[in-house]
>>> print(open('input-v7.txt').read())   # compact mmCIF, N, CA and C atoms
# COMPACT_ATOMS: atom_id res chain seq x y z
N MET A 1 7.17 0.85 19.37
CA MET A 1 7.13 2.23 18.95
C MET A 1 5.76 2.79 19.32
N THR A 2 5.72 3.91 19.95
CA THR A 2 4.47 4.52 20.36
C THR A 2 3.83 5.28 19.22
N GLY A 3 2.60 4.90 18.87
CA GLY A 3 1.83 5.65 17.90
C GLY A 3 2.17 5.38 16.45
N GLY A 4 3.23 4.63 16.18
CA GLY A 4 3.63 4.38 14.80
C GLY A 4 3.00 3.12 14.25
N ARG A 5 3.16 2.92 12.93
CA ARG A 5 2.63 1.73 12.29
C ARG A 5 3.79 0.87 11.81
N THR A 6 3.55 -0.43 11.82
CA THR A 6 4.53 -1.38 11.33
C THR A 6 3.85 -2.31 10.34
N ARG A 7 4.69 -2.99 9.56
CA ARG A 7 4.21 -3.98 8.61
C ARG A 7 5.10 -5.20 8.78
N SER A 8 4.50 -6.38 8.88
CA SER A 8 5.25 -7.61 9.04
C SER A 8 5.69 -8.12 7.67
N VAL A 9 6.99 -8.47 7.57
CA VAL A 9 7.55 -9.00 6.33
C VAL A 9 8.37 -10.25 6.64
N LEU A 10 8.57 -11.09 5.66
CA LEU A 10 9.36 -12.29 5.81
C LEU A 10 10.82 -11.95 5.54
N VAL A 11 11.71 -12.27 6.50
CA VAL A 11 13.13 -11.94 6.39
C VAL A 11 13.98 -13.18 6.66
N GLU A 12 15.26 -13.09 6.33
CA GLU A 12 16.20 -14.14 6.68
C GLU A 12 16.91 -13.72 7.96
N ILE A 13 16.82 -14.56 8.97
CA ILE A 13 17.40 -14.27 10.27
C ILE A 13 18.69 -15.07 10.40
N VAL A 14 19.79 -14.38 10.71
CA VAL A 14 21.08 -15.03 10.89
C VAL A 14 21.51 -14.76 12.33
N ASP A 15 21.70 -15.84 13.08
CA ASP A 15 22.15 -15.70 14.46
C ASP A 15 23.04 -16.89 14.82
N GLY A 16 23.33 -17.08 16.08
CA GLY A 16 24.20 -18.17 16.54
C GLY A 16 23.67 -19.55 16.22
N ASP A 17 22.38 -19.66 15.96
CA ASP A 17 21.77 -20.96 15.63
C ASP A 17 21.74 -21.21 14.12
N GLY A 18 22.31 -20.31 13.33
CA GLY A 18 22.31 -20.48 11.87
C GLY A 18 21.39 -19.50 11.18
N ARG A 19 20.83 -19.97 10.06
CA ARG A 19 19.94 -19.13 9.24
C ARG A 19 18.55 -19.73 9.22
N ARG A 20 17.57 -18.85 9.23
CA ARG A 20 16.18 -19.30 9.08
C ARG A 20 15.35 -18.12 8.58
N ARG A 21 14.21 -18.43 8.03
CA ARG A 21 13.29 -17.39 7.58
C ARG A 21 12.22 -17.21 8.64
N GLY A 22 11.83 -15.96 8.82
CA GLY A 22 10.79 -15.67 9.80
C GLY A 22 10.27 -14.26 9.64
N PRO A 23 9.18 -13.94 10.33
CA PRO A 23 8.59 -12.60 10.21
C PRO A 23 9.37 -11.57 11.05
N ASP A 24 9.35 -10.34 10.58
CA ASP A 24 9.93 -9.23 11.32
C ASP A 24 9.08 -7.99 11.02
N ASP A 25 9.01 -7.10 11.97
CA ASP A 25 8.23 -5.87 11.78
C ASP A 25 9.11 -4.75 11.27
N LEU A 26 8.65 -4.07 10.24
CA LEU A 26 9.32 -2.90 9.68
C LEU A 26 8.47 -1.67 9.96
N VAL A 27 9.13 -0.58 10.27
CA VAL A 27 8.43 0.68 10.49
C VAL A 27 7.99 1.24 9.14
N VAL A 28 6.77 1.72 9.07
CA VAL A 28 6.21 2.29 7.85
C VAL A 28 6.52 3.79 7.84
N GLU A 29 6.96 4.29 6.69
CA GLU A 29 7.18 5.71 6.52
C GLU A 29 6.28 6.19 5.38
N GLU A 30 5.55 7.27 5.63
CA GLU A 30 4.60 7.80 4.65
C GLU A 30 4.69 9.32 4.61
N PRO A 31 4.27 9.93 3.50
CA PRO A 31 4.27 11.40 3.43
C PRO A 31 3.13 11.98 4.26
N LEU A 32 3.36 13.16 4.78
CA LEU A 32 2.31 13.91 5.49
C LEU A 32 2.27 15.30 4.90
N GLU A 33 1.10 15.68 4.37
CA GLU A 33 0.90 17.04 3.87
C GLU A 33 0.33 17.87 5.01
N ILE A 34 1.04 18.94 5.35
CA ILE A 34 0.61 19.83 6.43
C ILE A 34 0.00 21.08 5.81
N ARG A 35 -1.20 21.41 6.24
CA ARG A 35 -1.89 22.62 5.78
C ARG A 35 -2.16 23.53 6.96
N LEU A 36 -2.17 24.82 6.71
CA LEU A 36 -2.53 25.82 7.71
C LEU A 36 -3.72 26.59 7.17
N ASP A 37 -4.85 26.48 7.84
CA ASP A 37 -6.10 27.10 7.40
C ASP A 37 -6.40 26.75 5.94
N GLY A 38 -6.13 25.50 5.58
CA GLY A 38 -6.43 25.01 4.24
C GLY A 38 -5.36 25.27 3.20
N HIS A 39 -4.32 26.00 3.56
CA HIS A 39 -3.23 26.33 2.62
C HIS A 39 -2.06 25.38 2.84
N LEU A 40 -1.52 24.85 1.76
CA LEU A 40 -0.39 23.94 1.85
C LEU A 40 0.80 24.63 2.49
N VAL A 41 1.38 23.96 3.49
CA VAL A 41 2.61 24.44 4.13
C VAL A 41 3.79 23.64 3.61
N ALA A 42 3.71 22.31 3.76
CA ALA A 42 4.82 21.44 3.35
C ALA A 42 4.35 20.00 3.34
N THR A 43 5.12 19.17 2.67
CA THR A 43 4.93 17.73 2.73
C THR A 43 6.22 17.14 3.23
N THR A 44 6.13 16.31 4.26
CA THR A 44 7.31 15.70 4.87
C THR A 44 7.09 14.21 5.03
N MET A 45 8.16 13.47 5.08
CA MET A 45 8.06 12.03 5.37
C MET A 45 8.09 11.86 6.87
N ARG A 46 7.24 10.94 7.35
CA ARG A 46 7.21 10.66 8.79
C ARG A 46 6.68 9.26 9.02
N THR A 47 6.94 8.75 10.22
CA THR A 47 6.33 7.51 10.67
C THR A 47 4.95 7.90 11.18
N PRO A 48 3.87 7.34 10.61
CA PRO A 48 2.53 7.73 11.05
C PRO A 48 2.33 7.56 12.56
N GLY A 49 1.61 8.48 13.13
CA GLY A 49 1.35 8.50 14.57
C GLY A 49 1.71 9.87 15.11
N HIS A 50 0.91 10.42 15.97
CA HIS A 50 1.13 11.73 16.57
C HIS A 50 1.19 12.84 15.51
N ASP A 51 0.39 12.66 14.44
CA ASP A 51 0.37 13.63 13.35
C ASP A 51 -0.16 14.99 13.78
N VAL A 52 -1.13 14.99 14.69
CA VAL A 52 -1.71 16.25 15.18
C VAL A 52 -0.62 17.08 15.85
N GLU A 53 0.16 16.43 16.71
CA GLU A 53 1.22 17.12 17.42
C GLU A 53 2.31 17.59 16.47
N LEU A 54 2.65 16.74 15.49
CA LEU A 54 3.68 17.10 14.52
C LEU A 54 3.27 18.33 13.72
N ALA A 55 2.04 18.34 13.20
CA ALA A 55 1.59 19.45 12.36
C ALA A 55 1.49 20.76 13.16
N ALA A 56 0.89 20.70 14.33
CA ALA A 56 0.75 21.91 15.15
C ALA A 56 2.13 22.42 15.59
N GLY A 57 2.99 21.50 16.01
CA GLY A 57 4.33 21.88 16.43
C GLY A 57 5.15 22.46 15.30
N TRP A 58 4.99 21.89 14.11
CA TRP A 58 5.71 22.38 12.93
C TRP A 58 5.31 23.84 12.66
N CYS A 59 4.01 24.09 12.63
CA CYS A 59 3.52 25.45 12.35
C CYS A 59 3.99 26.44 13.42
N HIS A 60 3.97 26.00 14.66
CA HIS A 60 4.42 26.87 15.76
C HIS A 60 5.92 27.13 15.67
N ALA A 61 6.72 26.06 15.55
CA ALA A 61 8.18 26.20 15.55
C ALA A 61 8.68 26.98 14.34
N ASP A 62 7.96 26.90 13.24
CA ASP A 62 8.37 27.61 12.03
C ASP A 62 7.86 29.06 12.01
N GLY A 63 7.15 29.47 13.05
CA GLY A 63 6.67 30.84 13.14
C GLY A 63 5.48 31.15 12.25
N LEU A 64 4.83 30.11 11.72
CA LEU A 64 3.72 30.32 10.80
C LEU A 64 2.45 30.82 11.48
N LEU A 65 2.32 30.56 12.77
CA LEU A 65 1.11 30.97 13.48
C LEU A 65 1.09 32.46 13.78
N ALA A 66 2.25 33.08 13.89
CA ALA A 66 2.36 34.52 14.18
C ALA A 66 1.49 34.92 15.37
N GLY A 67 1.48 34.08 16.39
CA GLY A 67 0.71 34.38 17.59
C GLY A 67 -0.75 33.95 17.54
N ALA A 68 -1.22 33.48 16.40
CA ALA A 68 -2.62 33.04 16.29
C ALA A 68 -2.81 31.76 17.09
N ARG A 69 -3.96 31.65 17.70
CA ARG A 69 -4.30 30.47 18.50
C ARG A 69 -4.78 29.34 17.60
N VAL A 70 -4.31 28.12 17.86
CA VAL A 70 -4.77 26.94 17.12
C VAL A 70 -6.13 26.55 17.68
N LEU A 71 -7.15 26.54 16.82
CA LEU A 71 -8.50 26.19 17.24
C LEU A 71 -8.78 24.70 17.09
N ALA A 72 -8.18 24.09 16.07
CA ALA A 72 -8.39 22.66 15.83
C ALA A 72 -7.29 22.15 14.91
N VAL A 73 -7.02 20.86 15.02
CA VAL A 73 -6.11 20.17 14.11
C VAL A 73 -6.79 18.87 13.74
N ARG A 74 -6.96 18.63 12.44
CA ARG A 74 -7.69 17.43 12.04
C ARG A 74 -7.18 16.87 10.72
N HIS A 75 -7.36 15.56 10.59
CA HIS A 75 -7.06 14.89 9.32
C HIS A 75 -8.12 15.29 8.31
N CYS A 76 -7.70 15.45 7.07
CA CYS A 76 -8.62 15.80 5.99
C CYS A 76 -9.10 14.52 5.32
N GLY A 77 -10.31 14.50 4.87
CA GLY A 77 -10.82 13.34 4.14
C GLY A 77 -11.74 12.49 4.97
N ASP A 78 -12.12 11.38 4.39
CA ASP A 78 -13.14 10.52 4.99
C ASP A 78 -12.60 9.21 5.53
N GLY A 79 -11.28 9.08 5.63
CA GLY A 79 -10.70 7.84 6.12
C GLY A 79 -10.29 6.88 5.02
N SER A 80 -10.52 7.26 3.76
CA SER A 80 -10.09 6.40 2.65
C SER A 80 -8.57 6.47 2.53
N THR A 81 -8.01 5.62 1.71
CA THR A 81 -6.56 5.56 1.56
C THR A 81 -5.98 6.93 1.25
N GLY A 82 -4.98 7.32 2.02
CA GLY A 82 -4.30 8.59 1.79
C GLY A 82 -4.88 9.77 2.53
N SER A 83 -6.12 9.72 2.96
CA SER A 83 -6.71 10.88 3.61
C SER A 83 -6.10 11.14 4.98
N TYR A 84 -5.50 10.13 5.59
CA TYR A 84 -4.84 10.34 6.87
C TYR A 84 -3.43 10.87 6.69
N ASN A 85 -3.03 11.13 5.45
CA ASN A 85 -1.72 11.71 5.17
C ASN A 85 -1.82 13.19 4.86
N VAL A 86 -2.99 13.79 5.14
CA VAL A 86 -3.19 15.22 4.97
C VAL A 86 -3.81 15.73 6.26
N ILE A 87 -3.21 16.77 6.85
CA ILE A 87 -3.72 17.29 8.11
C ILE A 87 -3.75 18.82 8.05
N ASP A 88 -4.78 19.40 8.64
CA ASP A 88 -4.97 20.85 8.60
C ASP A 88 -4.94 21.43 10.01
N VAL A 89 -4.12 22.47 10.19
CA VAL A 89 -4.07 23.22 11.43
C VAL A 89 -4.96 24.45 11.22
N ASP A 90 -5.99 24.58 12.04
CA ASP A 90 -7.01 25.62 11.85
C ASP A 90 -6.87 26.72 12.89
N THR A 91 -6.68 27.96 12.41
CA THR A 91 -6.65 29.12 13.30
C THR A 91 -7.84 30.04 13.03
N GLY A 92 -8.78 29.55 12.24
CA GLY A 92 -9.92 30.39 11.87
C GLY A 92 -9.51 31.52 10.95
N GLY A 93 -8.41 31.33 10.22
CA GLY A 93 -7.95 32.36 9.29
C GLY A 93 -7.15 33.47 9.95
N ARG A 94 -6.80 33.33 11.22
CA ARG A 94 -6.07 34.38 11.93
C ARG A 94 -4.57 34.37 11.65
N ALA A 95 -4.02 33.21 11.26
CA ALA A 95 -2.59 33.14 10.92
C ALA A 95 -2.39 33.68 9.51
N PRO A 96 -1.22 34.25 9.24
CA PRO A 96 -0.94 34.72 7.88
C PRO A 96 -0.95 33.55 6.89
N THR A 97 -1.30 33.81 5.65
CA THR A 97 -1.30 32.77 4.62
C THR A 97 0.14 32.32 4.39
N PRO A 98 0.42 31.03 4.58
CA PRO A 98 1.80 30.55 4.42
C PRO A 98 2.19 30.42 2.95
N THR A 99 3.48 30.45 2.70
CA THR A 99 4.03 30.16 1.38
C THR A 99 4.40 28.69 1.37
N ALA A 100 3.87 27.94 0.41
CA ALA A 100 4.15 26.50 0.35
C ALA A 100 5.63 26.28 0.08
N ARG A 101 6.19 25.25 0.73
CA ARG A 101 7.59 24.89 0.53
C ARG A 101 7.69 23.83 -0.55
N VAL A 102 8.61 24.01 -1.46
CA VAL A 102 8.85 23.03 -2.51
C VAL A 102 10.29 22.56 -2.33
N GLY A 103 10.51 21.26 -2.37
CA GLY A 103 11.85 20.71 -2.19
C GLY A 103 11.90 19.81 -0.98
N ASN A 104 13.11 19.52 -0.52
CA ASN A 104 13.28 18.62 0.62
C ASN A 104 12.83 19.29 1.91
N VAL A 105 11.99 18.57 2.64
CA VAL A 105 11.50 19.05 3.94
C VAL A 105 11.68 17.91 4.91
N SER A 106 12.18 18.21 6.11
CA SER A 106 12.44 17.16 7.09
C SER A 106 11.70 17.46 8.38
N SER A 107 11.21 16.41 9.02
CA SER A 107 10.56 16.58 10.33
C SER A 107 11.52 16.21 11.44
N SER A 108 12.79 16.00 11.12
CA SER A 108 13.78 15.64 12.13
C SER A 108 14.35 16.90 12.77
N CYS A 109 15.24 16.71 13.72
CA CYS A 109 15.82 17.85 14.44
C CYS A 109 16.83 18.60 13.59
N GLY A 110 17.26 18.01 12.47
CA GLY A 110 18.20 18.68 11.59
C GLY A 110 19.64 18.22 11.77
N LEU A 111 19.92 17.45 12.81
CA LEU A 111 21.29 16.98 13.03
C LEU A 111 21.63 15.75 12.18
N CYS A 112 20.59 15.05 11.71
CA CYS A 112 20.84 13.87 10.88
C CYS A 112 21.59 14.27 9.62
N GLY A 113 22.64 13.55 9.31
CA GLY A 113 23.39 13.79 8.09
C GLY A 113 24.38 14.93 8.18
N THR A 114 24.53 15.53 9.38
CA THR A 114 25.52 16.62 9.49
C THR A 114 26.78 16.10 10.13
>>> encode(input="input-v7.txt", output="structure tokens")
Amino acid sequence: MTGGRTRSVLVEIVDGDGRRRGPDDLVVEEPLEIRLDGHLVATTMRTPGHDVELAAGWCHADGLLAGARVLAVRHCGDGSTGSYNVIDVDTGGRAPTPTARVGNVSSSCGLCGT
């Protein structure tokens, strides 16, 4: 997987040779809080990696930028636990103040589950 994180866990493997225990990699899913000029936009679950692209693309596709140019996109915090799960899209205050979304938010294409 490109850009994502995995965690190795001990699993039971069943194949033509029988059963055995061994390590397997699981994809990690974590929340990402997206902010626009410091204002909360939404929190979504995602596989970590390519967060800059996800946040900027989200704001653009949702029409939140209203034509404002993205000046920077950066993780908030100092690198401690959880700080990489908050990202801010900066337009220098040129984009309208977004209304935070409360409830289920998805970063998928929307076809899942339909």
>>> select_by_dssp(input="input-v7.txt", residues="chain A", states="strand (DSSP E)", output="count of residues only")
44
>>> residues_near_point(input="input-v7.txt", point="(-0.1, 16.4, 4.4)", cutoff="6 Å", atoms="only C-alpha atoms", output="mmCIF file with N, CA and C atoms, in the frame of the given file")
data_model
loop_
_atom_site.group_PDB
_atom_site.id
_atom_site.type_symbol
_atom_site.label_atom_id
_atom_site.label_comp_id
_atom_site.auth_asym_id
_atom_site.auth_seq_id
_atom_site.Cartn_x
_atom_site.Cartn_y
_atom_site.Cartn_z
ATOM 1 N N LEU A 32 3.360 13.160 4.780
ATOM 2 C CA LEU A 32 2.310 13.910 5.490
ATOM 3 C C LEU A 32 2.270 15.300 4.900
ATOM 4 N N GLU A 33 1.100 15.680 4.370
ATOM 5 C CA GLU A 33 0.900 17.040 3.870
ATOM 6 C C GLU A 33 0.330 17.870 5.010
ATOM 7 N N ILE A 34 1.040 18.940 5.350
ATOM 8 C CA ILE A 34 0.610 19.830 6.430
ATOM 9 C C ILE A 34 0.000 21.080 5.810
ATOM 10 N N THR A 43 5.120 19.170 2.670
ATOM 11 C CA THR A 43 4.930 17.730 2.730
ATOM 12 C C THR A 43 6.220 17.140 3.230
ATOM 13 N N ASN A 85 -3.030 11.130 5.450
ATOM 14 C CA ASN A 85 -1.720 11.710 5.170
ATOM 15 C C ASN A 85 -1.820 13.190 4.860
ATOM 16 N N VAL A 86 -2.990 13.790 5.140
ATOM 17 C CA VAL A 86 -3.190 15.220 4.970
ATOM 18 C C VAL A 86 -3.810 15.730 6.260
ATOM 19 N N ILE A 87 -3.210 16.770 6.850
ATOM 20 C CA ILE A 87 -3.720 17.290 8.110
ATOM 21 C C ILE A 87 -3.750 18.820 8.050
#
>>> closest_residue(input="input-v7.txt", among="A:Ala66, A:Thr44, A:Arg101, A:Asp17", to="Glu30 (chain A)", atoms="all atoms listed in the file")
A:Thr44
>>> atom_distance(input="input-v7.txt", atom1="CA of Val41 (chain A)", atom2="CA of Thr6 (chain A)")
26.9 Å
>>> atom_distance(input="input-v7.txt", atom1="CA of Met45 (chain A)", atom2="atom N of Arg5 (chain A)")
12.8 Å
>>> select_by_dssp(input="input-v7.txt", residues="chain A", states="helix (DSSP H, G or I)", output="ChimeraX atom specification")
/A:51-61,83-85
>>> residues_around(input="input-v7.txt", residues="Val9 (chain A)", least_positions_apart="6", cutoff="8 Å", atoms="all atoms listed in the file", output="VMD selection string")
chain A and resid 22 to 26
>>> atom_distance(input="input-v7.txt", atom1="atom N of Pro98 (chain A)", atom2="CA of Leu40 (chain A)")
7.6 Å
>>> closest_residue(input="input-v7.txt", among="A:Asp90, A:Glu29, A:His50, A:Pro96", to="Leu64 (chain A)", atoms="only N, CA and C atoms")
A:Pro96
>>> build_atoms(input="input-v7.txt", residues="region 66-77 of chain A", atoms="all heavy atoms", output="short mmCIF file (atom, residue, chain, number, x, y, z; two decimals), in the frame of the given file")
data_model
loop_
_atom_site.label_atom_id
_atom_site.label_comp_id
_atom_site.auth_asym_id
_atom_site.auth_seq_id
_atom_site.Cartn_x
_atom_site.Cartn_y
_atom_site.Cartn_z
N ALA A 66 2.25 33.08 13.89
CA ALA A 66 2.36 34.52 14.18
C ALA A 66 1.49 34.92 15.37
O ALA A 66 0.82 35.95 15.35
CB ALA A 66 2.01 35.34 12.94
N GLY A 67 1.48 34.08 16.39
CA GLY A 67 0.71 34.38 17.59
C GLY A 67 -0.75 33.95 17.54
O GLY A 67 -1.46 34.07 18.54
N ALA A 68 -1.22 33.48 16.40
CA ALA A 68 -2.62 33.04 16.29
C ALA A 68 -2.81 31.76 17.09
O ALA A 68 -1.94 30.90 17.16
CB ALA A 68 -2.99 32.79 14.83
N ARG A 69 -3.96 31.65 17.70
CA ARG A 69 -4.30 30.47 18.50
C ARG A 69 -4.78 29.34 17.60
O ARG A 69 -5.57 29.56 16.67
CB ARG A 69 -5.40 30.85 19.49
CG ARG A 69 -5.77 29.76 20.42
CD ARG A 69 -6.76 30.27 21.45
NE ARG A 69 -7.20 29.15 22.26
CZ ARG A 69 -8.29 29.15 22.97
NH1 ARG A 69 -9.08 30.20 22.96
NH2 ARG A 69 -8.62 28.11 23.68
N VAL A 70 -4.31 28.12 17.86
CA VAL A 70 -4.77 26.94 17.12
C VAL A 70 -6.13 26.55 17.68
O VAL A 70 -6.27 26.27 18.87
CB VAL A 70 -3.77 25.78 17.24
CG1 VAL A 70 -4.35 24.51 16.62
CG2 VAL A 70 -2.44 26.15 16.60
N LEU A 71 -7.15 26.54 16.82
CA LEU A 71 -8.50 26.19 17.24
C LEU A 71 -8.78 24.70 17.09
O LEU A 71 -9.53 24.13 17.88
CB LEU A 71 -9.52 26.98 16.41
CG LEU A 71 -9.38 28.51 16.48
CD1 LEU A 71 -10.39 29.17 15.55
CD2 LEU A 71 -9.53 28.99 17.92
N ALA A 72 -8.18 24.09 16.07
CA ALA A 72 -8.39 22.66 15.83
C ALA A 72 -7.29 22.15 14.91
O ALA A 72 -6.71 22.91 14.15
CB ALA A 72 -9.76 22.42 15.18
N VAL A 73 -7.02 20.86 15.02
CA VAL A 73 -6.11 20.17 14.11
C VAL A 73 -6.79 18.87 13.74
O VAL A 73 -7.20 18.11 14.62
CB VAL A 73 -4.73 19.89 14.76
CG1 VAL A 73 -3.79 19.23 13.77
CG2 VAL A 73 -4.11 21.16 15.33
N ARG A 74 -6.96 18.63 12.44
CA ARG A 74 -7.69 17.43 12.04
C ARG A 74 -7.18 16.87 10.72
O ARG A 74 -6.66 17.61 9.88
CB ARG A 74 -9.18 17.72 11.95
CG ARG A 74 -9.57 18.76 10.94
CD ARG A 74 -11.08 19.06 11.01
NE ARG A 74 -11.36 20.40 10.56
CZ ARG A 74 -11.36 21.48 11.32
NH1 ARG A 74 -11.08 21.39 12.59
NH2 ARG A 74 -11.62 22.66 10.83
N HIS A 75 -7.36 15.56 10.59
CA HIS A 75 -7.06 14.89 9.32
C HIS A 75 -8.12 15.29 8.31
O HIS A 75 -9.29 15.46 8.65
CB HIS A 75 -7.06 13.37 9.50
CG HIS A 75 -5.87 12.88 10.23
ND1 HIS A 75 -5.87 12.61 11.58
CD2 HIS A 75 -4.61 12.61 9.80
CE1 HIS A 75 -4.68 12.20 11.95
NE2 HIS A 75 -3.90 12.18 10.90
N CYS A 76 -7.70 15.45 7.07
CA CYS A 76 -8.62 15.80 5.99
C CYS A 76 -9.10 14.52 5.32
O CYS A 76 -8.35 13.56 5.21
CB CYS A 76 -7.94 16.69 4.96
SG CYS A 76 -7.33 18.22 5.66
N GLY A 77 -10.31 14.50 4.87
CA GLY A 77 -10.82 13.34 4.14
C GLY A 77 -11.74 12.49 4.97
O GLY A 77 -12.07 12.81 6.11
#
